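Below you'll find the structure, written out as structure tokens, and then a few comments.
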Amino acid sequence: MSADVELNNVSVTFGSFYAAKSVNVKINGGEFFSFLGPSGCGKTTLLRAISGFQDPSEGSVLIDNKDMSGIGPNKRPTSLIFQNLALFPLMSVSENIAFSLEVRGVSKGDRQKRADELLELIALEGQGEKKVHQLSGGQKQRVAIARALAVEPKVLLLDEPLSALDLKLRQRMRTELREIQKRVNITFIYITHDQGEALTMSDRIAVMNEGEIEQIGPCDEVYNNPLTPFVATFVGENNPLFGKVKEINQNKIKIETPDGDFVSTMNENNKLNIGDDAIAFVRPESLFMPRDGDSFDNLIDVNIESFEFEGNIKNFYATLKSGTKIKFSIPNAIDTSSISSGTKLQLGFESTKSSILPKAQLAID
Amino acid sequence: MGNYLFTQPFFKKNGKAVAIYFLVAIVFWFVFLVIIPQLYMLDLSFRSNVPPLARGGPQDYYTLEHYQHFVFGSKTSLDAFNFVDLGVFGRTILVSIMVTIANLLFCYPIAFYIAKIANPSTARLLIVSLIIPFWINELLRSFALRILFANEGVINNFLTGIGVIDQSILFITYDIGLYTGLVYAYILLMMFPLYNAIESLDVNQIEAAKDLGSSSLRTHWRIVIPHAKPGIVSGCTMVFMLTVGALATPVVLSSPNTLWFPQLIYQWFNMNDNWSRGSAYSIILLIISVIFVLAMMRIFKVKIGEIIK
């Protein structure tokens with residue numbers, strides 16, 4: 001059983017500070033939805049508003065089309081997984097998992113049965129008698145999930161639960177979380193500042209900045225067609241090329257920069273006019289070294305400064321004519337032995353792989 | 001020998017002067033303030049009561065008479081048991097247990113409020129308000145309560161003044177003043193261990209319980225109290241020991257008809273000049289305190305190390 005979650009014009013203020021500002025979002029039942037943003041962007045505040053720990057100053061939270069105002073966290077069909085997990089250290093693993101049933105007066109036998117079922121779900125059969133401190137980081141993680149699922153919530157809220165784990169474990173837990181979500185088929189709302197986590201697990205993401213949602217959409221759409229410079233630079237990496245709009249025709253837009261003119265396809269809610277300050281964005285992996293017969297919409301001259309080896313790719317750092325620095329990546333499988341620092345190159349990129357957006361705040365520096 | 005001693009890690013680590021200072025302080029405290037007085041009292045409690053000059057003489061012998069007196073009374077008494085002393089003893093223990101429980105019930109919500117609900121400035125104000133009254137001597141605090149609770153005292157005058165009652169309530173006669181005074185006397189010793197224990201609880205634990213559907217009451221029962229258990233045991237043992245051994249508060253606040261066990265001890269030492277019997281009664285009080293601590297550890301399943309923390 002899953003439920004829709006709807007935030008209607010939700011604002012949360014602390015004094016004169018807006019932790020969340022007029023947030024509107026409808027999360028569908030059974031969806032894996034992530035709020036992605038830097039720390040302090042208000043994503044945790046939203047999660048607390050959904051779980052009932054924080055009353056919105058304005059607007060309303062609807063779960064299953066029911067207004068949640070005045071309903072406490074213990075009465076909502078949501079379960080929250082805390083950043084530090086907040087497992088109960090004085091209880092056994094089973095007691096932890098069955099706590100929500102205990103408080104609802106479920107008999108001891110039934111509680112044990114349900115705990116055993118959930119232990120099986122999280123692949124910890126027979127470990128119910130252990131104390132929490134006897135478990136490894138990943139096991140604690142899974143117990144926290146089981147505890148939150150025991151009461152069969154319609155919505156599971158996760159507050160950066162993977163942030164304390166090491167890289168390998170974090171990657172494995174991403175897959176596991178996604179699998180668990182498919183199996184229990186309830187709405188997952190996930191909070192993270194890690195775009196990798198958000199992109200790999202989510203059906204849709206909402207990118208947040210300073211209390212406001214900048215963009216909502218499926219992961220690939222947000223990545224490929226960012227609507228604001230903040231989203232363009234916060235989700236994945238992007239090279240900004242600053243300039244002014246030179247031409248707009250049909251679905252193409254052209255920007256004039258000190259390093260040449262660049263063309264990009266226009267997104268549907270473009271508000272740019274000729275002469276406006278704008279930024280063209282191109283991702284490191286969308287810049288190519290043209291080979292014979294290749295033709296690109298845009299060409300750019302670069303002077304290689306340095307490079308680094310990352311394993312699957314090599315990253316090159318280069319300067320443009322104007323002194324602007326850009327980064328581009330080349331798969332390790334391609335031979336780049338002819339490139340070293342000081343090499344002059346011409347790179348190309350497609351207009352469909354670039355975005356031109358009105359000048360605004362970036363997520364970097 | 002000196003050289004050997006000074007090459008020990010303890011001396012190397014702390015330096016010679018500091019190490020000697022530490023050592024002297026610890027040895028003095030342990031030997032002169034802990035071991036010798038207790039052993040002396042224990043020894044004295046098994047000796048016949050003789051004037052100091054007769055010590056070591058033929059009249060000075062080991063005997064159980066003081067303990068026998070506590071249980072069976074004087075040899076000339078007609079009663080089978082020393083009902084008076086046993087009664088005082090039993091009542092003192094019972095009331096002390098009640099006072100300890102009342103103290104815990106009174107302090108828990110305040111400690112929780114200060115530790116988890118109040119904002120930092122309110123919390124500081126409340127802690128200061130708790131401490132300031134204790135800058136005044138216990139005896140004076142008891143007198144202040146006596147003024148409040150007396151038959152013609154502040155409370156009675158106020159209540160008769162506004163017409164709620166037409167006859168004074170006998171707070172002192174019914175020992176209400178005494179119980180209040182005893183609860184208040186050692187409140188800090190309950191408050192601070194409790195506060196420390198609750199303060200160290202991660203607030204996410206409380207929220208997690210709530211999120212999982214737990215009512216406020218159950219969250220306290222299942223999460224907060226188990227976490228605060230060492231603090232509860234620590235506070236309870238200290239309050240019990242000090243209450244059962246209180247002298248100033250009962251002297252000032254108890255009704256003329258009732259005696260507190262330490263008052264009995266005081267009488268043997270100071271009014272009847274029977275130090276041996278006083279010592280025996282003191283030893284009995286000490287044993288009761290030890291039993292209480294052990295019982296608390298047993299009931300709450302905590303180790304002595306956790307209590308002292």
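Letters A, B, ... mark the chains of the structure tokens in the order given; residue numbers begin at 1 per chain; ligand numbers begin at 1, in order shown.
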
(request) Check the DSSP output for the backbone and give back, as a count of residues only, the residues of range 118-351 of chain A in helix (DSSP H, G or I). (result) 61

(request) Pull out every residue of chain A sitting within 10 Å of chain B, counting only C-alpha atoms, and send them as a ChimeraX atom specification. (result) /A:51-53,72-91,96,98-104,147-151,153

(request) Extract, using only C-alpha atoms, all DNA, RNA and protein residues at most 6 Å from range 224-232 of chain A, discarding same-chain residues fewer than 4 positions from it, and format them as a ChimeraX atom specification. (result) /A:220,361-363

Now that the selection is made, can you save its residues with all heavy atoms as a PDB file, in the first residue's frame?
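Output file part_13.pdb follows:
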```
ATOM      1  N   ASP A 220      17.179  11.634 -15.773  1.00  0.00           N
ATOM      2  CA  ASP A 220      17.892  11.951 -17.004  1.00  0.00           C
ATOM      3  C   ASP A 220      17.497  13.325 -17.541  1.00  0.00           C
ATOM      4  O   ASP A 220      18.315  14.053 -18.082  1.00  0.00           O
ATOM      5  CB  ASP A 220      17.697  10.854 -18.064  1.00  0.00           C
ATOM      6  CG  ASP A 220      16.232  10.542 -18.320  1.00  0.00           C
ATOM      7  OD1 ASP A 220      15.393  10.982 -17.498  1.00  0.00           O
ATOM      8  OD2 ASP A 220      15.931   9.868 -19.322  1.00  0.00           O
ATOM      9  N   GLN A 361      22.877  32.374 -10.223  1.00  0.00           N
ATOM     10  CA  GLN A 361      23.836  31.771  -9.293  1.00  0.00           C
ATOM     11  C   GLN A 361      24.194  30.342  -9.688  1.00  0.00           C
ATOM     12  O   GLN A 361      23.341  29.546 -10.076  1.00  0.00           O
ATOM     13  CB  GLN A 361      23.194  31.774  -7.901  1.00  0.00           C
ATOM     14  CG  GLN A 361      24.099  31.227  -6.836  1.00  0.00           C
ATOM     15  CD  GLN A 361      23.284  30.682  -5.662  1.00  0.00           C
ATOM     16  OE1 GLN A 361      22.057  30.746  -5.642  1.00  0.00           O
ATOM     17  NE2 GLN A 361      23.981  30.150  -4.694  1.00  0.00           N
ATOM     18  N   LEU A 362      25.477  29.998  -9.604  1.00  0.00           N
ATOM     19  CA  LEU A 362      25.933  28.634  -9.840  1.00  0.00           C
ATOM     20  C   LEU A 362      26.082  27.918  -8.505  1.00  0.00           C
ATOM     21  O   LEU A 362      26.177  28.546  -7.458  1.00  0.00           O
ATOM     22  CB  LEU A 362      27.296  28.645 -10.556  1.00  0.00           C
ATOM     23  CG  LEU A 362      27.416  29.418 -11.868  1.00  0.00           C
ATOM     24  CD1 LEU A 362      28.834  29.254 -12.422  1.00  0.00           C
ATOM     25  CD2 LEU A 362      26.397  28.905 -12.877  1.00  0.00           C
ATOM     26  N   ALA A 363      26.115  26.597  -8.584  1.00  0.00           N
ATOM     27  CA  ALA A 363      26.304  25.826  -7.349  1.00  0.00           C
ATOM     28  C   ALA A 363      27.766  25.782  -6.944  1.00  0.00           C
ATOM     29  O   ALA A 363      28.089  25.561  -5.791  1.00  0.00           O
ATOM     30  CB  ALA A 363      25.772  24.415  -7.541  1.00  0.00           C
TER      31      ALA A 363
END
```

(message) Using only C-alpha atoms, can you tell me which of A:Val61, A:Ile279, A:Ile330, A:Leu165 comes closest to Leu47 in chain A?
(response) A:Val61

Fewer than 4 positions away in the same chain doesn't count, so skip those; otherwise give me all residues within 10 Å of Met173 in chain A, counting only C-alpha atoms, as a PDB file with N, CA and C atoms, in the first residue's frame.
```pdb
ATOM      1  N   GLY A 138      26.548  -1.683   7.714  1.00  0.00           N
ATOM      2  CA  GLY A 138      25.543  -2.029   6.711  1.00  0.00           C
ATOM      3  C   GLY A 138      24.362  -2.773   7.331  1.00  0.00           C
ATOM      4  N   GLN A 141      22.112  -0.393   9.107  1.00  0.00           N
ATOM      5  CA  GLN A 141      21.343   0.270   8.081  1.00  0.00           C
ATOM      6  C   GLN A 141      20.094  -0.524   7.720  1.00  0.00           C
ATOM      7  N   ARG A 142      20.312  -1.819   7.520  1.00  0.00           N
ATOM      8  CA  ARG A 142      19.203  -2.673   7.101  1.00  0.00           C
ATOM      9  C   ARG A 142      18.201  -2.853   8.234  1.00  0.00           C
ATOM     10  N   PRO A 161      20.429   8.444   4.838  1.00  0.00           N
ATOM     11  CA  PRO A 161      20.827   7.339   5.728  1.00  0.00           C
ATOM     12  C   PRO A 161      22.140   6.678   5.326  1.00  0.00           C
ATOM     13  N   LEU A 162      22.636   6.945   4.127  1.00  0.00           N
ATOM     14  CA  LEU A 162      23.852   6.252   3.697  1.00  0.00           C
ATOM     15  C   LEU A 162      25.117   7.062   3.940  1.00  0.00           C
ATOM     16  N   LEU A 165      28.279   5.622   5.680  1.00  0.00           N
ATOM     17  CA  LEU A 165      28.912   4.382   5.218  1.00  0.00           C
ATOM     18  C   LEU A 165      30.089   4.658   4.283  1.00  0.00           C
ATOM     19  N   LEU A 167      32.421   4.032   0.855  1.00  0.00           N
ATOM     20  CA  LEU A 167      31.994   4.117  -0.547  1.00  0.00           C
ATOM     21  C   LEU A 167      31.391   2.821  -1.096  1.00  0.00           C
ATOM     22  N   LYS A 168      32.103   1.704  -0.914  1.00  0.00           N
ATOM     23  CA  LYS A 168      31.659   0.425  -1.488  1.00  0.00           C
ATOM     24  C   LYS A 168      30.291   0.044  -0.931  1.00  0.00           C
ATOM     25  N   LEU A 169      30.197   0.164   0.407  1.00  0.00           N
ATOM     26  CA  LEU A 169      28.966  -0.216   1.088  1.00  0.00           C
ATOM     27  C   LEU A 169      27.821   0.681   0.641  1.00  0.00           C
ATOM     28  N   LEU A 177      18.511  -0.702  -1.469  1.00  0.00           N
ATOM     29  CA  LEU A 177      17.362   0.167  -1.161  1.00  0.00           C
ATOM     30  C   LEU A 177      16.356   0.139  -2.300  1.00  0.00           C
ATOM     31  N   ARG A 178      16.886   0.244  -3.498  1.00  0.00           N
ATOM     32  CA  ARG A 178      16.037   0.251  -4.684  1.00  0.00           C
ATOM     33  C   ARG A 178      15.262  -1.073  -4.779  1.00  0.00           C
ATOM     34  N   GLU A 179      15.947  -2.174  -4.478  1.00  0.00           N
ATOM     35  CA  GLU A 179      15.286  -3.487  -4.545  1.00  0.00           C
ATOM     36  C   GLU A 179      14.207  -3.614  -3.481  1.00  0.00           C
ATOM     37  N   GLU A 197      23.764   9.310  -5.520  1.00  0.00           N
ATOM     38  CA  GLU A 197      22.712   8.551  -4.848  1.00  0.00           C
ATOM     39  C   GLU A 197      21.357   8.861  -5.454  1.00  0.00           C
TER      40      GLU A 197
END
```

Check which residues of range 186-244 of chain B sit at most 10 Å from range 81-94 of chain B using only C-alpha atoms, and return one row each with the closest pair of atoms and their distance in Å to one decimal, ordered by chain and rising number, as CSV.
```
residue,atom,partner,partner_atom,distance
B:Phe240,CA,B:Ile93,CA,8.7
B:Met241,CA,B:Ile93,CA,9.8
B:Thr243,CA,B:Thr92,CA,8.7
B:Val244,CA,B:Thr92,CA,6.3
```

(message) Taking only C-alpha atoms into account, name the residue in B:Gly161, B:Pro133, B:Pro256, B:Gly245 that is nearest to Thr173 in chain B.
(response)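 Closest to Thr173 in chain B of all the choices is B:Pro256.
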
(request) Looking only at strand (DSSP E) from DSSP on the backbone, list the matching residues of range 187-284 of chain A as a VMD selection string. (result) chain A and resid 187 to 192 204 to 209 212 to 218 239 to 249 252 to 257 260 to 265 277 to 282

(message) List as a list in words the protein and nucleic acid residues near range 313-322 of chain A, meaning an atom at most 8 Å away when only C-alpha atoms are counted, but skip any in the same chain fewer than 2 places from it.
(response) Pro258, Asp259, Ile300, Asp301, Val302, Asn303, Ile304, Glu305, Ser306, Phe307, Glu308, Phe309, Glu310, Gly311, Thr324, Lys325, Ile326, Lys327, Phe328, Ser329, Ile330, Pro331 and Asn332 of chain A

Residues from last step as file, N, CA, C and O atoms, as a PDB file, in the first residue's frame:
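Output contents, as saved in out_35.pdb:
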```pdb
ATOM      1  N   PRO A 258      33.492  35.408 -25.413  1.00  0.00           N
ATOM      2  CA  PRO A 258      34.845  35.794 -25.843  1.00  0.00           C
ATOM      3  C   PRO A 258      35.558  34.647 -26.537  1.00  0.00           C
ATOM      4  O   PRO A 258      36.566  34.866 -27.223  1.00  0.00           O
ATOM      5  N   ASP A 259      35.042  33.405 -26.349  1.00  0.00           N
ATOM      6  CA  ASP A 259      35.706  32.256 -26.952  1.00  0.00           C
ATOM      7  C   ASP A 259      34.957  31.729 -28.170  1.00  0.00           C
ATOM      8  O   ASP A 259      35.157  30.591 -28.585  1.00  0.00           O
ATOM      9  N   ILE A 300      35.545  24.531 -30.348  1.00  0.00           N
ATOM     10  CA  ILE A 300      36.176  25.385 -29.337  1.00  0.00           C
ATOM     11  C   ILE A 300      37.665  25.056 -29.258  1.00  0.00           C
ATOM     12  O   ILE A 300      38.041  23.884 -29.259  1.00  0.00           O
ATOM     13  N   ASP A 301      38.492  26.105 -29.245  1.00  0.00           N
ATOM     14  CA  ASP A 301      39.946  25.892 -29.175  1.00  0.00           C
ATOM     15  C   ASP A 301      40.407  25.901 -27.731  1.00  0.00           C
ATOM     16  O   ASP A 301      40.083  26.813 -26.979  1.00  0.00           O
ATOM     17  N   VAL A 302      41.168  24.877 -27.374  1.00  0.00           N
ATOM     18  CA  VAL A 302      41.651  24.798 -25.987  1.00  0.00           C
ATOM     19  C   VAL A 302      43.156  24.572 -25.953  1.00  0.00           C
ATOM     20  O   VAL A 302      43.744  24.083 -26.912  1.00  0.00           O
ATOM     21  N   ASN A 303      43.723  24.940 -24.807  1.00  0.00           N
ATOM     22  CA  ASN A 303      45.139  24.748 -24.562  1.00  0.00           C
ATOM     23  C   ASN A 303      45.259  23.883 -23.302  1.00  0.00           C
ATOM     24  O   ASN A 303      44.855  24.283 -22.205  1.00  0.00           O
ATOM     25  N   ILE A 304      45.771  22.649 -23.451  1.00  0.00           N
ATOM     26  CA  ILE A 304      45.790  21.700 -22.323  1.00  0.00           C
ATOM     27  C   ILE A 304      46.756  22.188 -21.229  1.00  0.00           C
ATOM     28  O   ILE A 304      47.882  22.596 -21.514  1.00  0.00           O
ATOM     29  N   GLU A 305      46.278  22.151 -20.004  1.00  0.00           N
ATOM     30  CA  GLU A 305      47.141  22.520 -18.863  1.00  0.00           C
ATOM     31  C   GLU A 305      47.618  21.294 -18.110  1.00  0.00           C
ATOM     32  O   GLU A 305      48.792  21.148 -17.831  1.00  0.00           O
ATOM     33  N   SER A 306      46.673  20.439 -17.753  1.00  0.00           N
ATOM     34  CA  SER A 306      47.058  19.263 -16.966  1.00  0.00           C
ATOM     35  C   SER A 306      46.005  18.185 -17.148  1.00  0.00           C
ATOM     36  O   SER A 306      44.947  18.444 -17.714  1.00  0.00           O
ATOM     37  N   PHE A 307      46.311  16.994 -16.690  1.00  0.00           N
ATOM     38  CA  PHE A 307      45.284  15.949 -16.725  1.00  0.00           C
ATOM     39  C   PHE A 307      45.444  15.024 -15.541  1.00  0.00           C
ATOM     40  O   PHE A 307      46.482  14.996 -14.880  1.00  0.00           O
ATOM     41  N   GLU A 308      44.355  14.300 -15.260  1.00  0.00           N
ATOM     42  CA  GLU A 308      44.397  13.319 -14.167  1.00  0.00           C
ATOM     43  C   GLU A 308      43.724  12.038 -14.630  1.00  0.00           C
ATOM     44  O   GLU A 308      42.830  12.073 -15.471  1.00  0.00           O
ATOM     45  N   PHE A 309      44.157  10.958 -14.036  1.00  0.00           N
ATOM     46  CA  PHE A 309      43.669   9.643 -14.406  1.00  0.00           C
ATOM     47  C   PHE A 309      42.671   9.192 -13.347  1.00  0.00           C
ATOM     48  O   PHE A 309      42.978   9.176 -12.162  1.00  0.00           O
ATOM     49  N   GLU A 310      41.437   8.885 -13.767  1.00  0.00           N
ATOM     50  CA  GLU A 310      40.445   8.523 -12.756  1.00  0.00           C
ATOM     51  C   GLU A 310      40.071   7.050 -12.841  1.00  0.00           C
ATOM     52  O   GLU A 310      39.222   6.578 -12.097  1.00  0.00           O
ATOM     53  N   GLY A 311      40.664   6.306 -13.760  1.00  0.00           N
ATOM     54  CA  GLY A 311      40.313   4.898 -13.912  1.00  0.00           C
ATOM     55  C   GLY A 311      39.589   4.702 -15.221  1.00  0.00           C
ATOM     56  O   GLY A 311      40.212   4.572 -16.270  1.00  0.00           O
ATOM     57  N   THR A 324      39.293  31.412 -19.598  1.00  0.00           N
ATOM     58  CA  THR A 324      38.322  30.551 -18.924  1.00  0.00           C
ATOM     59  C   THR A 324      38.867  29.123 -18.850  1.00  0.00           C
ATOM     60  O   THR A 324      39.448  28.629 -19.823  1.00  0.00           O
ATOM     61  N   LYS A 325      38.660  28.483 -17.686  1.00  0.00           N
ATOM     62  CA  LYS A 325      39.144  27.103 -17.543  1.00  0.00           C
ATOM     63  C   LYS A 325      37.996  26.137 -17.827  1.00  0.00           C
ATOM     64  O   LYS A 325      36.868  26.382 -17.397  1.00  0.00           O
ATOM     65  N   ILE A 326      38.284  25.083 -18.554  1.00  0.00           N
ATOM     66  CA  ILE A 326      37.267  24.044 -18.724  1.00  0.00           C
ATOM     67  C   ILE A 326      37.867  22.676 -18.474  1.00  0.00           C
ATOM     68  O   ILE A 326      39.088  22.493 -18.453  1.00  0.00           O
ATOM     69  N   LYS A 327      36.953  21.725 -18.246  1.00  0.00           N
ATOM     70  CA  LYS A 327      37.368  20.352 -17.978  1.00  0.00           C
ATOM     71  C   LYS A 327      36.682  19.469 -19.000  1.00  0.00           C
ATOM     72  O   LYS A 327      35.517  19.712 -19.337  1.00  0.00           O
ATOM     73  N   PHE A 328      37.391  18.497 -19.531  1.00  0.00           N
ATOM     74  CA  PHE A 328      36.711  17.501 -20.355  1.00  0.00           C
ATOM     75  C   PHE A 328      37.252  16.113 -20.056  1.00  0.00           C
ATOM     76  O   PHE A 328      38.370  15.961 -19.564  1.00  0.00           O
ATOM     77  N   SER A 329      36.422  15.107 -20.319  1.00  0.00           N
ATOM     78  CA  SER A 329      36.785  13.738 -19.965  1.00  0.00           C
ATOM     79  C   SER A 329      36.775  12.859 -21.199  1.00  0.00           C
ATOM     80  O   SER A 329      35.912  13.004 -22.055  1.00  0.00           O
ATOM     81  N   ILE A 330      37.719  11.968 -21.249  1.00  0.00           N
ATOM     82  CA  ILE A 330      37.828  11.048 -22.378  1.00  0.00           C
ATOM     83  C   ILE A 330      37.896   9.636 -21.819  1.00  0.00           C
ATOM     84  O   ILE A 330      38.637   9.399 -20.856  1.00  0.00           O
ATOM     85  N   PRO A 331      37.100   8.729 -22.361  1.00  0.00           N
ATOM     86  CA  PRO A 331      37.153   7.355 -21.843  1.00  0.00           C
ATOM     87  C   PRO A 331      38.570   6.812 -21.930  1.00  0.00           C
ATOM     88  O   PRO A 331      39.300   7.090 -22.881  1.00  0.00           O
ATOM     89  N   ASN A 332      38.910   6.020 -20.942  1.00  0.00           N
ATOM     90  CA  ASN A 332      40.253   5.460 -20.863  1.00  0.00           C
ATOM     91  C   ASN A 332      40.566   4.593 -22.072  1.00  0.00           C
ATOM     92  O   ASN A 332      41.725   4.445 -22.459  1.00  0.00           O
TER      93      ASN A 332
END
```

(message) List as a PyMOL selection string the protein and nucleic acid residues near range 293-302 of chain B, meaning an atom at most 12 Å away when only C-alpha atoms are counted, but skip any in the same chain fewer than 6 places from it.
(response) chain B and resi 97+100+225-241+286-287+308-309

Let's have the selection written as a compact mmCIF listing (two decimals), in the first residue's frame, with N, CA, C and O atoms.
```txt
# COMPACT_ATOMS: atom_id res chain seq x y z
N ILE B 97 12.40 5.81 52.05
CA ILE B 97 12.09 5.23 50.75
C ILE B 97 11.03 6.06 50.05
O ILE B 97 11.15 6.39 48.86
N THR B 100 12.48 9.24 48.85
CA THR B 100 13.29 9.02 47.66
C THR B 100 12.41 8.90 46.42
O THR B 100 12.69 9.51 45.38
N ILE B 225 13.57 6.42 30.18
CA ILE B 225 13.87 5.88 31.51
C ILE B 225 14.95 4.79 31.45
O ILE B 225 15.90 4.83 32.23
N PRO B 226 14.86 3.83 30.51
CA PRO B 226 15.95 2.85 30.44
C PRO B 226 17.32 3.51 30.22
O PRO B 226 18.32 3.09 30.80
N HIS B 227 17.32 4.56 29.40
CA HIS B 227 18.59 5.25 29.16
C HIS B 227 19.07 5.96 30.44
O HIS B 227 20.27 6.00 30.72
N ALA B 228 18.11 6.52 31.18
CA ALA B 228 18.47 7.31 32.37
C ALA B 228 18.66 6.46 33.62
O ALA B 228 18.93 6.99 34.70
N LYS B 229 18.53 5.13 33.47
CA LYS B 229 18.55 4.24 34.63
C LYS B 229 19.75 4.45 35.55
O LYS B 229 19.57 4.58 36.77
N PRO B 230 20.97 4.51 35.01
CA PRO B 230 22.10 4.73 35.92
C PRO B 230 21.95 6.03 36.73
O PRO B 230 22.28 6.06 37.91
N GLY B 231 21.44 7.07 36.08
CA GLY B 231 21.21 8.34 36.78
C GLY B 231 20.15 8.20 37.85
O GLY B 231 20.27 8.76 38.95
N ILE B 232 19.11 7.44 37.54
CA ILE B 232 18.03 7.23 38.52
C ILE B 232 18.56 6.50 39.74
O ILE B 232 18.34 6.90 40.88
N VAL B 233 19.31 5.43 39.48
CA VAL B 233 19.85 4.64 40.60
C VAL B 233 20.83 5.49 41.42
O VAL B 233 20.79 5.50 42.65
N SER B 234 21.66 6.23 40.71
CA SER B 234 22.63 7.08 41.39
C SER B 234 21.93 8.11 42.27
O SER B 234 22.25 8.27 43.46
N GLY B 235 20.93 8.79 41.70
CA GLY B 235 20.19 9.80 42.46
C GLY B 235 19.46 9.18 43.65
O GLY B 235 19.51 9.69 44.76
N CYS B 236 18.81 8.04 43.40
CA CYS B 236 18.03 7.40 44.47
C CYS B 236 18.93 6.95 45.62
O CYS B 236 18.59 7.14 46.79
N THR B 237 20.08 6.36 45.31
CA THR B 237 20.94 5.89 46.41
C THR B 237 21.47 7.07 47.22
O THR B 237 21.47 7.03 48.44
N MET B 238 21.85 8.13 46.54
CA MET B 238 22.38 9.27 47.30
C MET B 238 21.30 9.92 48.15
O MET B 238 21.52 10.24 49.33
N VAL B 239 20.12 10.11 47.56
CA VAL B 239 19.04 10.75 48.31
C VAL B 239 18.64 9.87 49.49
O VAL B 239 18.46 10.34 50.60
N PHE B 240 18.55 8.56 49.24
CA PHE B 240 18.16 7.67 50.34
C PHE B 240 19.16 7.74 51.48
O PHE B 240 18.80 7.89 52.64
N MET B 241 20.44 7.63 51.15
CA MET B 241 21.46 7.62 52.20
C MET B 241 21.45 8.90 53.01
O MET B 241 21.54 8.87 54.23
N LEU B 286 24.43 2.23 58.65
CA LEU B 286 25.35 2.03 57.53
C LEU B 286 24.98 0.76 56.77
O LEU B 286 24.95 0.74 55.53
N ILE B 287 24.68 -0.29 57.54
CA ILE B 287 24.35 -1.57 56.90
C ILE B 287 23.08 -1.41 56.04
O ILE B 287 23.01 -1.90 54.91
N ILE B 308 28.27 5.37 39.54
CA ILE B 308 29.23 6.40 39.93
C ILE B 308 29.48 7.39 38.80
O ILE B 308 29.76 8.55 39.01
N LYS B 309 29.31 6.88 37.55
CA LYS B 309 29.51 7.76 36.39
C LYS B 309 28.61 8.97 36.48
O LYS B 309 28.89 10.04 36.13
```

(request) Could you check how far CA of Leu170 in chain B sits from CA of Phe143 in chain B, in Å to one decimal? (result) 16.3 Å

Could you pull the residues within 9 Å of Gly243 in chain A, counting only C-alpha atoms, minus those fewer than 4 positions along the same chain, as a PDB file with N, CA and C atoms, in the first residue's frame?
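Done, and the output landed in out14.pdb:
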```pdb
ATOM      1  N   ILE A 255      24.680  31.936 -28.480  1.00  0.00           N
ATOM      2  CA  ILE A 255      25.283  32.831 -27.493  1.00  0.00           C
ATOM      3  C   ILE A 255      26.658  33.270 -28.006  1.00  0.00           C
ATOM      4  N   GLU A 256      26.968  34.533 -27.752  1.00  0.00           N
ATOM      5  CA  GLU A 256      28.266  35.057 -28.170  1.00  0.00           C
ATOM      6  C   GLU A 256      29.134  35.172 -26.921  1.00  0.00           C
ATOM      7  N   THR A 257      30.291  34.515 -26.941  1.00  0.00           N
ATOM      8  CA  THR A 257      31.205  34.583 -25.798  1.00  0.00           C
ATOM      9  C   THR A 257      32.570  35.021 -26.307  1.00  0.00           C
ATOM     10  N   PRO A 258      33.492  35.408 -25.413  1.00  0.00           N
ATOM     11  CA  PRO A 258      34.845  35.794 -25.843  1.00  0.00           C
ATOM     12  C   PRO A 258      35.558  34.647 -26.537  1.00  0.00           C
ATOM     13  N   ASP A 261      31.119  31.763 -30.728  1.00  0.00           N
ATOM     14  CA  ASP A 261      29.666  31.624 -30.631  1.00  0.00           C
ATOM     15  C   ASP A 261      29.315  30.147 -30.466  1.00  0.00           C
ATOM     16  N   ASP A 276      20.446  39.425 -23.805  1.00  0.00           N
ATOM     17  CA  ASP A 276      20.468  39.072 -22.370  1.00  0.00           C
ATOM     18  C   ASP A 276      21.779  38.382 -21.988  1.00  0.00           C
ATOM     19  N   ASP A 277      22.189  38.599 -20.719  1.00  0.00           N
ATOM     20  CA  ASP A 277      23.331  37.842 -20.192  1.00  0.00           C
ATOM     21  C   ASP A 277      22.919  36.377 -20.073  1.00  0.00           C
ATOM     22  N   ALA A 278      23.779  35.495 -20.529  1.00  0.00           N
ATOM     23  CA  ALA A 278      23.425  34.076 -20.486  1.00  0.00           C
ATOM     24  C   ALA A 278      24.678  33.243 -20.265  1.00  0.00           C
ATOM     25  N   ILE A 279      24.442  31.971 -19.940  1.00  0.00           N
ATOM     26  CA  ILE A 279      25.567  31.046 -19.771  1.00  0.00           C
ATOM     27  C   ILE A 279      25.287  29.810 -20.626  1.00  0.00           C
ATOM     28  N   ALA A 280      26.279  29.404 -21.402  1.00  0.00           N
ATOM     29  CA  ALA A 280      26.172  28.122 -22.108  1.00  0.00           C
ATOM     30  C   ALA A 280      26.859  27.075 -21.252  1.00  0.00           C
ATOM     31  N   LYS A 359      21.653  34.071 -16.987  1.00  0.00           N
ATOM     32  CA  LYS A 359      22.709  34.168 -15.992  1.00  0.00           C
ATOM     33  C   LYS A 359      22.105  34.170 -14.585  1.00  0.00           C
TER      34      LYS A 359
END
```

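Here the question is which of A:Ser338, A:Ser34, A:Asn239, A:Asn251 gets nearest to Cys219 in chain A using only C-alpha atoms, and that residue is A:Ser34.
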
(request) Can you work out the spacing between CA of Asp273 in chain B and CA of Ala54 in chain B in Å, to one decimal? (result) 14.4 Å

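In this comparison, which uses only C-alpha atoms, the residue of A:Asn273, A:Thr343, A:Ser355, A:Thr44 approaching Tyr190 in chain A most closely is A:Thr44.
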